[in-house]
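Chemist: After the structure tokens below, expect a handful of questions from me.
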Number of protein chains: 4
Amino acid sequence: MLHFDTDYMEGAHPEVMRRLVETNMEQTPGYGTDAYTAHARELILRACGLTDGMVHFLVGGTQTNATVIDALLSHHEGVLAAESAHINVHEAGAVEATGHKVLVLPSHEGKLSAGEVEDYISRFYRDETCGHMVAPGMVYISHPTEYGTLYTLDELEGLARVCAGAGIPLYLDGARLGYGLAAGDTDVTLEDVARLCDVFYIGGTKVGALFGEAVVCSRPSLLPHFFTLVKQHGALLAKGRLLGVQFETLFADGLYFRIGSHAIRLALKLKQAFVAKGYRLYIDSPTNQQFVCLPNEVIDRLSAHVSFELWGARGEKESVVRFVTGWATRDEDVDRLMAWI
Amino acid sequence: MLHFDTDYMEGAHPEVMRRLVETNMEQTPGYGTDAYTAHARELILRACGLTDGMVHFLVGGTQTNATVIDALLSHHEGVLAAESAHINVHEAGAVEATGHKVLVLPSHEGKLSAGEVEDYISRFYRDETCGHMVAPGMVYISHPTEYGTLYTLDELEGLARVCAGAGIPLYLDGARLGYGLAAGDTDVTLEDVARLCDVFYIGGTKVGALFGEAVVCSRPSLLPHFFTLVKQHGALLAKGRLLGVQFETLFADGLYFRIGSHAIRLALKLKQAFVAKGYRLYIDSPTNQQFVCLPNEVIDRLSAHVSFELWGARGEKESVVRFVTGWATRDEDVDRLMAWI
Amino acid sequence: MLHFDTDYMEGAHPEVMRRLVETNMEQTPGYGTDAYTAHARELILRACGLTDGMVHFLVGGTQTNATVIDALLSHHEGVLAAESAHINVHEAGAVEATGHKVLVLPSHEGKLSAGEVEDYISRFYRDETCGHMVAPGMVYISHPTEYGTLYTLDELEGLARVCAGAGIPLYLDGARLGYGLAAGDTDVTLEDVARLCDVFYIGGTKVGALFGEAVVCSRPSLLPHFFTLVKQHGALLAKGRLLGVQFETLFADGLYFRIGSHAIRLALKLKQAFVAKGYRLYIDSPTNQQFVCLPNEVIDRLSAHVSFELWGARGEKESVVRFVTGWATRDEDVDRLMAWI
Amino acid sequence: MLHFDTDYMEGAHPEVMRRLVETNMEQTPGYGTDAYTAHARELILRACGLTDGMVHFLVGGTQTNATVIDALLSHHEGVLAAESAHINVHEAGAVEATGHKVLVLPSHEGKLSAGEVEDYISRFYRDETCGHMVAPGMVYISHPTEYGTLYTLDELEGLARVCAGAGIPLYLDGARLGYGLAAGDTDVTLEDVARLCDVFYIGGTKVGALFGEAVVCSRPSLLPHFFTLVKQHGALLAKGRLLGVQFETLFADGLYFRIGSHAIRLALKLKQAFVAKGYRLYIDSPTNQQFVCLPNEVIDRLSAHVSFELWGARGEKESVVRFVTGWATRDEDVDRLMAWI
């Protein structure tokens, strides 16, 4: 049985695992005050092209989103996001549970349009009743999006400009950032992300770590008392050095980027195979998530040999399915899958 | 200067005011434990055709919605509502502030479609990832809606059936219920509302009271410890009898319904005048809120003599405006306005 | 039957009621944007000796406390209060419902000690684990307290000094402020309160109004977007002018202060009667709430003629009871009660 | 430099680490739906003497407490806890952030008294104003407590009886449960905990795991929709099998209990050394946390060679310090420390 369900089916990249074992019996202070975490922080800032800034390590994506968003918003504000945004759909209402509204905008294959964001904000402040409404207090985007798509540098700059104009922060959910940065024809680099986003996180869970997300903020004054908020959200890992060791390993010599490239190569190979067989792509994704429309009988036949995810509810005749590659996907697995489709 | 901005520009109906003055120096226990409140409760249950049930009196609409919705939902649930719903747009995120998501469905001139509600719930439970999503825990409707429109009895029965089938409560925001019940060709009575909705509120603020909304629940077990929740939401009036006296007056001899009829008659007179002049109705409302598309120069000209509300942002050439009648609107005011349009 | 249960058993002071009736049919814009509210705001600032500042009118005490405290605190902060504080005991967890902890300090007959507040804050910041704890973000006091006691000017200045030193606001709950200001030997004036407290509210509900509390803030920058927060908390009255008219009446010619003096005179007369009869005072209150220890048989005997409140649970032989006077208490009522005790 | 600061300074027990490495490249479904998690669940139920019940694995203690407490309480309820309880002091207000009040009772060396709990509940319901107060909705205890102390079986049965009588759940925070169960003269077994507590968690983070806490509930109907709540709280680990593998290892052949015994033996050896030197114990703890009063000069001298935690603020002449042993503490470390004291 092959598994293409998602990119968090294995443990950690062997190199990460090796370092966790090597450092296992060392004694360090807790809560991220250790030297590994300090070093990882430094490596990440350097990779981001930042001379200064804040890096905090949290355990998982939903807790990271909820904590950052809660920290960035005032009581009267909500977060602008695409209708398809993970925070709007698949985080069990974690943002609302902290008291904030997700202000929904149209999703363009998972992406927000800078023009539509600008228009929303402008209409909001022209509305005489806006004092009775939730103010747009920040913008949330994911990159890659939930559909595997990517913003162009131009689009990202557009969003940053609109946010700066409105005086609100731009936050990027980078759960799969490593796969986005490694995409073939993206013109967005990690430095661009760090330059254009007020806050973002570099996903580890899906990109080689056992778990862990690195929140980067080039303007730490945006997130005062963040440590206490992380604790309050139950997102502070006692053995914080576990996060430090992992991100140190991922960023010491470019492992994070190599992992991305590997998964992208296999994902595109798979995509081409689907296209060659005449199947319709649900979305033309340049990253490690591939969405294909398959006849239900093909789905049923494949399911005997390989597991993958149904995207939304099953259709009458055909359904959208998702195949995901990752750091652990092997060439031979993709070859076998290609033979079956 | 004439005012058609809204239906809460005056104090209370003179009869209500008279009773408040008459009872002013009486001493009663607080928090709604007095005899006036008990009597008002009884009159309302009778008017609703309920032999049993719970009636609680709160001060305003937003607090009533937030309190009832918070009380009805479990932590993992959200409230289904039309995109245009007051709770989704104009209550400053009060529902989210209590930790719950508003799950948005299309608005059909302010109304939900029972079929779309059913479809949403059905798709939700067929989605394999539904454990990661906010469950639809109740349905919110307003009647009249924010656009002045009304559900037919058939539509209301459809929603009630879908809710019952899904095992979730149907809640009706009746901020302007009195105007809805008095509409010319509605086939929905107060008894119907009480029979079909698990919880609803009879709006007083906009229909003759100084302030006050009466929450009615035919199945009190849905709202355990509601008194304490009302207190926690800051919605418990110390001098609860003020609400009792007002609703007693409104429901003792049909005043609530007479008020409704009066406002409807004047609203329709006004509507016909707009139509006769060739202006386009933005929405064909049968109740006391009338929405018309007016050229901006007409708006500017009228604004010298009469105040009314711009609906949304001002358009380039024409804009949508709202004219509202109420218990206090006089025939002569409508006549003067008609002369100007 | 006489009633000394509390000071919110009647409606409003006749003068207030008269003005509500007189203005009843006037049309004004909603939500406190009317001229009455503007005038009341001006009168209150003047009475407070403030040339500038913010005044907002809310409906009731619990909603006022929850809204102000939520507005003043950051996510990682809590509110310091006496164990006996209304927000800690009798507001159904309204503060916690908005996500903030009440940090409890000893109650000295309802009062906080400035020294203990200072000590708490100082110990907090010397504790190496304080990043894991709720930071003291403001101080809440009531004046008069829940036990009818009053801060001296010296005590209030001490608290203000400690708060200023710690850079946190001092908030005063003045539900019964009118009775406190009118106490015989208090050296605290309304100007003092306005000068020493960053935010406070002047209670109307218990001091002559039908309902209403006036939040005063000499440094409006402490409460940005307060209007929207009031709405979000369900505390924004549609017909805001009802609050404006009432507070205008109370502050136009000193009615608020005359009401206070009347109730204090009767409360002290009653206190002296209890003392003369040999009953022990539970607390020596200088304001309109009097707490006496009465044998249970006396309580039972009195209860046939007069209602009053049991303070806490009933004791084995004697219990603490509370007698309250107010603007509406009559000399003859106190005389009759005195004849029975 | 020796470290006795706490029991989470190392990674995981070598056996746990070995299993994580062995299973690292296996592919499993996420979110705890894998076979390792199922097996760990089974082993834990067996160790608890439960034939049926629910086991959920979360990442850390604060998130576990906040999630369970939020799940168990209704909106109008709070959690009874000792003043010294971790949830009341060191979790940054995580419980309040979910809207619930911590109802504080006296701490008896970290423990609650069943009699005082009973008395609180009984007084609460006899208070006529209890509808305005936060209802006691559950009881929180920690075992061992924050002071290393333990409930006797008799005390635990007393609490269980009081809770059952009041119809509210008893929840036990077992962050260091392994050390408590291994204490020399405890008469409380894991079966007792499972029998007497409605919900509890078996701490992994401090007892041999990299991280992880196992929530056990013998009456799953108490925690409906718990999976979604865990997600909403950001406490759902994507690679849930990491928790399964770890707890499987800890409970497969008694490793969890051996770890406990090891740490207890060394802690008592250390305690005796302090006593032998004439130092006063701050608390007579039978578990792996030892609290000693040391003169400040001794603290300063020791600090050159060994790190440990100051408990609270530093005193004028002497201060309370804490020494903690764990699964990773070596006999030789304790011997060296003993030579210095």
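Chain labels follow the order of the structure tokens: the first chain is A, the next B, and so on; residue numbering restarts at 1 in every chain, and ligands are counted from 1 in their shown order.
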Using only C-alpha atoms, I'd like a table of the residues in chain A that come within 7 Å of chain C; for each, show the closest atom pair and its distance in Å rounded to one decimal, ordered by chain and ascending number, as CSV.

Modeler:
residue,atom,partner,partner_atom,distance
A:His76,CA,C:Leu229,CA,6.1
A:Gly131,CA,C:Thr228,CA,5.4
A:His132,CA,C:Thr228,CA,5.8
A:Phe227,CA,C:Gly131,CA,6.9
A:Thr228,CA,C:Gly131,CA,5.4
A:Leu229,CA,C:His76,CA,6.1
A:Lys231,CA,C:His132,CA,6.5

Chemist: Using N, CA and C atoms, can you write the selected residues to a file as an mmCIF file, in the first residue's frame?

Modeler:
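Result went into again_4.cif, see below:
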data_model
loop_
_atom_site.group_PDB
_atom_site.id
_atom_site.type_symbol
_atom_site.label_atom_id
_atom_site.label_comp_id
_atom_site.auth_asym_id
_atom_site.auth_seq_id
_atom_site.Cartn_x
_atom_site.Cartn_y
_atom_site.Cartn_z
ATOM 1 N N HIS A 76 -11.668 44.893 18.705
ATOM 2 C CA HIS A 76 -12.716 45.276 17.752
ATOM 3 C C HIS A 76 -12.360 44.852 16.325
ATOM 4 N N GLY A 131 -18.665 51.781 12.621
ATOM 5 C CA GLY A 131 -18.428 51.636 14.064
ATOM 6 C C GLY A 131 -19.180 50.461 14.677
ATOM 7 N N HIS A 132 -20.177 49.943 13.946
ATOM 8 C CA HIS A 132 -20.955 48.786 14.407
ATOM 9 C C HIS A 132 -20.422 47.477 13.830
ATOM 10 N N PHE A 227 5.553 35.833 24.428
ATOM 11 C CA PHE A 227 5.873 34.633 25.199
ATOM 12 C C PHE A 227 4.696 34.233 26.092
ATOM 13 N N THR A 228 4.152 35.198 26.821
ATOM 14 C CA THR A 228 3.037 34.900 27.722
ATOM 15 C C THR A 228 1.793 34.463 26.944
ATOM 16 N N LEU A 229 1.585 35.086 25.794
ATOM 17 C CA LEU A 229 0.441 34.686 24.979
ATOM 18 C C LEU A 229 0.599 33.263 24.459
ATOM 19 N N LYS A 231 2.163 30.912 25.968
ATOM 20 C CA LYS A 231 1.844 30.088 27.134
ATOM 21 C C LYS A 231 0.330 30.011 27.345
#

Chemist: Which residues are near Pro220 of chain D? Cut-off 9 Å, only C-alpha atoms, ignore same chain within fewer than 5 positions. Put them as a ChimeraX atom specification.

Modeler: /D:53-55

Chemist: Got time to write the residues from that selection, N, CA and C atoms, as a compact mmCIF listing (two decimals), in the first residue's frame?

Modeler:
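Here's the written file result00.txt:
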# COMPACT_ATOMS: atom_id res chain seq x y z
N GLY D 53 -13.51 3.18 28.20
CA GLY D 53 -13.11 4.54 28.53
C GLY D 53 -12.46 5.20 27.33
N MET D 54 -12.18 6.48 27.49
CA MET D 54 -11.63 7.28 26.41
C MET D 54 -10.21 7.69 26.79
N VAL D 55 -9.29 7.60 25.84
CA VAL D 55 -7.95 8.13 26.06
C VAL D 55 -7.61 9.04 24.88

Chemist: Run DSSP on the backbone and tell me which residues of segment 159-230 of chain A come out as strand (DSSP E); list them as JSON, numbers by chain.

Modeler: {"A": [170, 171, 172, 173, 174, 199, 200, 201, 202, 203, 213, 214, 215, 216, 217]}

Chemist: The selected residues should be written to file as a short mmCIF file (atom, residue, chain, number, x, y, z; two decimals), in the first residue's frame (atoms: N, CA and C atoms).

Modeler:
data_model
loop_
_atom_site.label_atom_id
_atom_site.label_comp_id
_atom_site.auth_asym_id
_atom_site.auth_seq_id
_atom_site.Cartn_x
_atom_site.Cartn_y
_atom_site.Cartn_z
N LEU A 170 0.37 42.23 7.58
CA LEU A 170 0.17 41.11 6.65
C LEU A 170 0.82 39.89 7.29
N TYR A 171 0.05 38.82 7.42
CA TYR A 171 0.53 37.59 8.06
C TYR A 171 0.45 36.44 7.07
N LEU A 172 1.53 35.71 6.95
CA LEU A 172 1.59 34.60 6.01
C LEU A 172 1.75 33.28 6.75
N ASP A 173 0.82 32.37 6.48
CA ASP A 173 0.84 31.02 7.03
C ASP A 173 1.70 30.17 6.11
N GLY A 174 2.88 29.80 6.59
CA GLY A 174 3.81 29.05 5.75
C GLY A 174 3.92 27.59 6.16
N VAL A 199 4.46 39.45 9.77
CA VAL A 199 4.67 38.22 10.54
C VAL A 199 4.42 37.05 9.60
N PHE A 200 5.19 35.99 9.75
CA PHE A 200 4.90 34.77 8.98
C PHE A 200 5.47 33.59 9.76
N TYR A 201 5.07 32.40 9.36
CA TYR A 201 5.72 31.25 10.01
C TYR A 201 6.26 30.28 8.97
N ILE A 202 7.40 29.73 9.31
CA ILE A 202 8.08 28.75 8.47
C ILE A 202 7.68 27.38 9.00
N GLY A 203 6.92 26.64 8.21
CA GLY A 203 6.40 25.36 8.67
C GLY A 203 7.47 24.29 8.74
N GLU A 213 6.82 24.94 14.19
CA GLU A 213 6.62 26.05 13.26
C GLU A 213 7.39 27.24 13.83
N ALA A 214 8.09 27.94 12.96
CA ALA A 214 8.92 29.07 13.40
C ALA A 214 8.26 30.39 13.01
N VAL A 215 7.76 31.11 14.01
CA VAL A 215 7.13 32.40 13.75
C VAL A 215 8.22 33.46 13.63
N VAL A 216 8.22 34.18 12.52
CA VAL A 216 9.22 35.22 12.29
C VAL A 216 8.52 36.57 12.21
N CYS A 217 9.07 37.54 12.88
CA CYS A 217 8.46 38.87 12.86
C CYS A 217 9.58 39.90 12.79
#
